[in-house]
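**Student:** CSV, C-alpha atoms, saved as entry.csv, coming up:
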chain,number,residue,atom,x,y,z
A,1,MET,CA,23.1,3.6,-12.8
A,2,ALA,CA,20.1,1.9,-14.2
A,3,VAL,CA,17.2,1.6,-11.8
A,4,PRO,CA,14.1,-0.5,-12.6
A,5,SER,CA,11.3,2.0,-12.1
A,6,GLY,CA,7.6,1.7,-11.6
A,7,ASN,CA,6.6,4.1,-8.8
A,8,PHE,CA,10.1,5.6,-8.9
A,9,GLY,CA,10.8,5.2,-5.1
A,10,ASN,CA,14.3,3.7,-5.7
A,11,LEU,CA,15.2,6.2,-8.3
A,12,CYS,CA,14.0,9.1,-6.1
A,13,ALA,CA,16.1,7.7,-3.3
A,14,GLY,CA,19.1,7.6,-5.7
A,15,LEU,CA,18.5,11.2,-6.6
A,16,VAL,CA,18.4,12.2,-2.9
A,17,ALA,CA,21.7,10.5,-2.5
A,18,PHE,CA,23.0,12.2,-5.5
A,19,ARG,CA,21.9,15.6,-4.2
A,20,SER,CA,23.7,14.7,-0.9
A,21,GLY,CA,27.0,14.0,-2.7
A,22,LEU,CA,26.8,10.4,-4.2
A,23,PRO,CA,29.1,10.5,-7.2
A,24,VAL,CA,26.8,9.3,-10.0
A,25,LYS,CA,27.3,10.7,-13.4
A,26,HIS,CA,23.9,9.7,-14.9
A,27,PHE,CA,20.8,7.8,-13.9
A,28,ILE,CA,18.7,5.6,-16.2
A,29,ALA,CA,15.0,5.2,-15.4
A,30,ALA,CA,14.4,1.6,-16.7
A,31,CYS,CA,10.7,1.2,-17.4
A,32,ASN,CA,8.5,-1.5,-18.8
A,33,ALA,CA,5.5,-0.9,-21.1
A,34,ASN,CA,4.3,1.7,-18.6
A,35,ASP,CA,6.1,4.5,-20.3
A,36,VAL,CA,4.8,7.7,-18.7
A,37,VAL,CA,8.3,8.8,-17.6
A,38,PRO,CA,10.1,7.9,-20.9
A,39,HIS,CA,7.4,9.9,-22.6
A,40,TYR,CA,8.0,12.8,-20.3
A,41,PHE,CA,11.7,12.9,-21.2
A,42,GLN,CA,10.8,12.8,-24.9
A,43,SER,CA,8.0,15.4,-24.8
A,44,GLY,CA,8.4,17.4,-21.7
A,45,LYS,CA,4.9,16.6,-20.7
A,46,PHE,CA,3.9,14.4,-17.7
A,47,GLU,CA,0.7,12.6,-18.7
A,48,PRO,CA,-0.4,9.8,-16.4
A,49,LYS,CA,-2.4,6.9,-17.9
A,50,PRO,CA,-3.8,3.6,-16.8
A,51,ALA,CA,-1.2,0.9,-15.9
A,52,ILE,CA,-0.5,-1.9,-18.3
A,53,ALA,CA,0.0,-5.4,-16.9
A,54,THR,CA,3.5,-6.8,-17.6
A,55,ILE,CA,5.8,-9.6,-16.5
A,56,SER,CA,7.7,-7.0,-14.4
A,57,ASN,CA,4.6,-6.4,-12.4
A,58,ALA,CA,5.9,-4.3,-9.5
A,59,MET,CA,6.7,-1.7,-12.1
A,60,ASP,CA,3.2,-1.6,-13.5
A,61,VAL,CA,2.4,2.0,-12.5
A,62,GLY,CA,0.7,4.5,-14.8
A,63,ASN,CA,0.9,7.5,-12.5
A,64,PRO,CA,4.1,7.2,-10.4
A,65,SER,CA,3.6,9.1,-7.1
A,66,ASN,CA,7.3,9.5,-6.5
A,67,PHE,CA,7.9,11.3,-9.8
A,68,VAL,CA,6.6,14.6,-8.4
A,69,ARG,CA,9.2,14.2,-5.6
A,70,MET,CA,11.9,13.8,-8.2
A,71,GLN,CA,10.7,17.0,-9.9
A,72,GLU,CA,10.7,18.8,-6.5
A,73,LEU,CA,14.3,17.8,-5.9
A,74,PHE,CA,15.2,19.8,-9.0
A,75,ASN,CA,12.6,22.6,-8.6
A,76,HIS,CA,10.6,21.3,-11.5
A,77,ASP,CA,13.5,22.2,-13.8
A,78,TYR,CA,13.0,19.9,-16.8
A,79,SER,CA,16.5,20.5,-18.2
A,80,LYS,CA,18.2,19.5,-15.0
A,81,LEU,CA,16.3,16.3,-14.8
A,82,HIS,CA,16.7,15.6,-18.5
A,83,ASN,CA,20.5,16.1,-18.3
A,84,LEU,CA,20.7,13.7,-15.3
A,85,ILE,CA,18.2,11.0,-16.3
A,86,THR,CA,17.6,9.0,-19.4
A,87,SER,CA,14.6,6.7,-19.5
A,88,TYR,CA,13.7,3.7,-21.6
A,89,SER,CA,10.6,1.6,-22.1
A,90,ILE,CA,11.3,-2.1,-22.5
A,91,SER,CA,8.7,-4.5,-23.9
A,92,ASP,CA,7.9,-7.9,-22.3
A,93,GLY,CA,9.1,-9.6,-25.5
A,94,THR,CA,12.5,-8.0,-25.3
A,95,THR,CA,12.6,-8.7,-21.5
A,96,ARG,CA,11.9,-12.4,-22.1
A,97,GLN,CA,14.4,-12.6,-25.0
A,98,VAL,CA,17.2,-11.0,-22.9
A,99,ILE,CA,16.5,-13.2,-19.8
A,100,LYS,CA,16.8,-16.3,-21.9
A,101,GLN,CA,19.9,-15.0,-23.7
A,102,VAL,CA,21.8,-14.0,-20.6
A,103,TYR,CA,20.9,-17.3,-18.9
A,104,GLY,CA,22.1,-19.3,-21.9
A,105,GLN,CA,25.3,-17.4,-22.3
A,106,LYS,CA,26.2,-16.5,-18.6
A,107,GLN,CA,24.2,-19.0,-16.6
A,108,TYR,CA,22.9,-15.9,-14.7
A,109,LEU,CA,19.2,-15.6,-14.1
A,110,LEU,CA,17.8,-12.1,-14.3
A,111,ASP,CA,14.5,-11.4,-12.6
A,112,PRO,CA,12.1,-9.4,-15.0
A,113,HIS,CA,12.7,-6.1,-13.1
A,114,GLY,CA,16.5,-6.5,-13.1
A,115,ALA,CA,16.3,-7.5,-16.8
A,116,VAL,CA,14.5,-4.2,-17.7
A,117,GLY,CA,17.4,-2.4,-15.8
A,118,TYR,CA,20.0,-4.5,-17.6
A,119,ILE,CA,18.5,-3.9,-21.1
A,120,SER,CA,18.2,-0.1,-20.4
A,121,LEU,CA,21.8,0.1,-19.3
A,122,LYS,CA,22.9,-1.7,-22.4
A,123,GLU,CA,20.8,0.6,-24.5
A,124,TYR,CA,22.4,3.7,-22.8
A,125,LEU,CA,25.9,2.4,-23.1
A,126,ARG,CA,25.5,1.8,-26.8
A,127,ASP,CA,25.5,5.6,-27.3
A,128,HIS,CA,28.0,6.2,-24.4
A,129,GLU,CA,30.8,3.7,-25.1
A,130,ASP,CA,33.3,5.6,-23.0
A,131,GLN,CA,31.2,5.0,-19.8
A,132,ILE,CA,30.5,2.1,-17.5
A,133,GLY,CA,27.4,1.5,-15.4
A,134,ILE,CA,25.6,-0.7,-13.0
A,135,PHE,CA,22.0,-1.9,-13.0
A,136,LEU,CA,20.0,-2.7,-9.9
A,137,GLY,CA,18.2,-6.0,-9.4
A,138,THR,CA,15.1,-5.9,-7.2
A,139,ALA,CA,13.9,-9.4,-6.5
A,140,HIS,CA,15.0,-13.0,-6.4
A,141,PRO,CA,14.1,-14.9,-9.6
A,142,ILE,CA,12.1,-17.4,-7.6
A,143,LYS,CA,9.4,-14.7,-7.2
A,144,PHE,CA,8.8,-15.0,-11.0
A,145,HIS,CA,9.2,-18.8,-11.4
A,146,ASP,CA,6.0,-18.9,-13.4
A,147,VAL,CA,7.5,-16.5,-16.0
A,148,LEU,CA,11.1,-17.6,-15.8
A,149,GLU,CA,11.0,-21.4,-15.7
A,150,PRO,CA,9.4,-21.8,-19.2
A,151,LEU,CA,12.0,-19.4,-20.6
A,152,ILE,CA,15.0,-21.3,-19.2
A,153,GLY,CA,13.5,-24.7,-19.4
A,154,THR,CA,14.3,-25.7,-15.8
A,155,GLU,CA,13.0,-25.3,-12.3
A,156,ILE,CA,14.4,-22.5,-10.2
A,157,PRO,CA,15.7,-23.9,-6.9
A,158,LEU,CA,14.1,-22.4,-3.8
A,159,PRO,CA,16.7,-20.5,-1.7
A,160,SER,CA,17.7,-22.4,1.4
A,161,SER,CA,17.0,-19.2,3.5
A,162,VAL,CA,13.3,-19.5,2.8
A,163,GLN,CA,12.8,-23.3,2.4
A,164,HIS,CA,11.5,-23.5,6.0
A,165,LEU,CA,8.5,-21.3,5.0
A,166,HIS,CA,7.0,-24.2,3.0
A,167,SER,CA,6.2,-26.1,6.2
A,168,LYS,CA,4.3,-23.1,7.7
A,169,GLU,CA,0.6,-23.1,7.7
A,170,LYS,CA,-1.1,-20.3,5.8
A,171,ASN,CA,-3.3,-18.2,7.9
A,172,SER,CA,-5.8,-15.7,6.5
A,173,ILE,CA,-8.9,-13.9,7.5
A,174,LYS,CA,-11.7,-13.2,5.1
A,175,MET,CA,-13.3,-9.8,5.5
A,176,ASN,CA,-15.2,-7.2,3.6
A,177,PRO,CA,-13.2,-4.1,2.5
A,178,LYS,CA,-14.5,-1.9,5.3
A,179,TYR,CA,-12.4,0.0,7.8
A,180,SER,CA,-14.6,-1.1,10.7
A,181,GLU,CA,-13.9,-4.8,10.0
A,182,LEU,CA,-10.2,-4.2,9.5
A,183,LYS,CA,-10.1,-2.3,12.8
A,184,GLU,CA,-11.9,-5.1,14.5
A,185,VAL,CA,-9.5,-7.7,13.2
A,186,LEU,CA,-6.4,-5.6,14.1
A,187,LEU,CA,-7.6,-5.0,17.6
A,188,GLY,CA,-8.5,-8.6,18.0
A,189,HIS,CA,-12.2,-8.1,18.9
Give the structure from this file in structure tokens form.

**Tutor:**
Amino acid sequence: MAVPSGNFGNLCAGLVAFRSGLPVKHFIAACNANDVVPHYFQSGKFEPKPAIATISNAMDVGNPSNFVRMQELFNHDYSKLHNLITSYSISDGTTRQVIKQVYGQKQYLLDPHGAVGYISLKEYLRDHEDQIGIFLGTAHPIKFHDVLEPLIGTEIPLPSSVQHLHSKEKNSIKMNPKYSELKEVLLGH
């Protein structure tokens, strides 16, 4: 199972399910250029670093807080984690290329996060031809229209389930980043 991973909440949930009996043979931590966890599985050292901005932006995390939870689930036993999880770091260039390729060949539009999962699964299966797998998608492609539309050369239609939102008026309140002001707004004073 390939899981697009940034802060590792979804993968951590998958590992909890696994520990509870979910029959998964192997997990793939699919990462973008933020390669702290792939580096950990190569070196055995967890070394957080500043996040790098990518087109799979919800995965732009340089110090994933859920990773320690994953380690705790396996009592910080590197070999248990290493035997259960493989991790890949996928570049924006490869992500764009595969999105365009899959759309051209299959008329299926991957979101950038799902594309990272798809690419990581393909990479894993290259060395494990006897296995099958699934990858998780995490967002509707419309969320990334600015990245995807130039790649596929067409406009992404807005899902009918959210079209009514375009007629809504945007409401916002400007405030300083102070707790006292937030409290005042939340309490309606």

**Student:** Quick one: contact table of segment 28-139 of chain A to segment 147-164 of chain A, 12 Å max, nearest atom pair and distance in Å to one decimal per residue, counting only C-alpha atoms, chain and number order, as CSV?

**Tutor:**
residue,atom,partner,partner_atom,distance
A:Thr54,CA,A:Val147,CA,10.6
A:Ile55,CA,A:Val147,CA,7.1
A:Ser56,CA,A:Val147,CA,9.6
A:Asn57,CA,A:Val147,CA,11.1
A:Asp92,CA,A:Val147,CA,10.7
A:Gly93,CA,A:Leu151,CA,11.3
A:Thr95,CA,A:Leu148,CA,10.7
A:Arg96,CA,A:Leu151,CA,7.2
A:Gln97,CA,A:Leu151,CA,8.4
A:Val98,CA,A:Leu151,CA,10.1
A:Ile99,CA,A:Leu151,CA,7.7
A:Lys100,CA,A:Leu151,CA,5.9
A:Gln101,CA,A:Ile152,CA,9.2
A:Val102,CA,A:Ile152,CA,10.1
A:Tyr103,CA,A:Ile152,CA,7.1
A:Gly104,CA,A:Ile152,CA,7.9
A:Gln105,CA,A:Ile152,CA,11.4
A:Gln107,CA,A:Ile152,CA,9.8
A:Tyr108,CA,A:Ile152,CA,10.6
A:Leu109,CA,A:Leu148,CA,8.5
A:Leu110,CA,A:Leu148,CA,8.8
A:Asp111,CA,A:Leu148,CA,7.8
A:Pro112,CA,A:Leu148,CA,8.3
A:His113,CA,A:Leu148,CA,11.9
A:Ala115,CA,A:Leu148,CA,11.4

**Student:** Which of these residues is nearest to Lys143 of chain A, using all atoms listed in the file: A:Leu84, A:Ala58, A:Val116, A:Leu22?

**Tutor:**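 Among the listed residues, A:Ala58 lies closest to Lys143 of chain A.
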
**Student:** Report as a PyMOL selection string all protein, DNA and RNA residues lying within 12 Å of Tyr118 of chain A, evaluated on only C-alpha atoms, omitting residues in the same chain fewer than 3 positions from it.

**Tutor:** chain A and resi 1-4+28-32+88+90+94-95+98-99+102+109-115+121-125+133-138

**Student:** If we count all atoms listed in the file and set the cut-off at 12 Å, which residues sit around Pro23 of chain A, ignoring sequence neighbours fewer than 5 positions away in its own chain? Please answer as a list in words.

**Tutor:** Met1, Gly14, Leu15, Val16, Ala17 and Phe18 of chain A

**Student:** Quote the spacing between atom CA of Leu165 of chain A and atom CA of Gly188 of chain A in Å to one decimal place.

**Tutor:**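 One can read the atom CA of Leu165 of chain A to atom CA of Gly188 of chain A distance as 24.9 Å.
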
**Student:** Using all atoms listed in the file, which residue out of A:Glu47, A:Glu72, A:Asp35, A:Asp60 lies closest to Cys12 of chain A?

**Tutor:** A:Glu72

**Student:** Which residue out of A:Gly21, A:Val68, A:Gly62, A:Lys49 has the minimum interatomic distance to Gly9 of chain A when all atoms listed in the file are used?

**Tutor:** A:Val68

**Student:** Give me, please, the distance in Å between atom CA of Phe46 of chain A and atom CA of His128 of chain A, quoted to one decimal.

**Tutor:**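 Result for atom CA of Phe46 of chain A versus atom CA of His128 of chain A: 26.3 Å, one decimal.
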
**Student:** Restricting the calculation to only C-alpha atoms: of A:Asn7, A:His26, A:Lys80, A:Phe74, which residue gets closest to Ala51 of chain A?

**Tutor:**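 Nearest to Ala51 of chain A: A:Asn7.
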
**Student:** Neighbouring residues of Tyr40 of chain A were defined as those with any atom within 12 Å, considering all atoms listed in the file; residues of the same chain fewer than 5 positions away were excluded. Please report them as a list in words.

**Tutor:**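 Contacts, in chain order: Ala29, Asn34, Asp35, Lys45, Phe46, Glu47, Pro48, Asn63, Phe67, Gln71, Tyr78, Ser79, Leu81, His82, Ile85, Thr86, Ser87, Tyr88 and Ser89 of chain A.
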
**Student:** Could you please determine the separation between atom CA of Val185 of chain A and atom CA of Ser172 of chain A in Å, to one decimal place?

**Tutor:** 11.1 Å
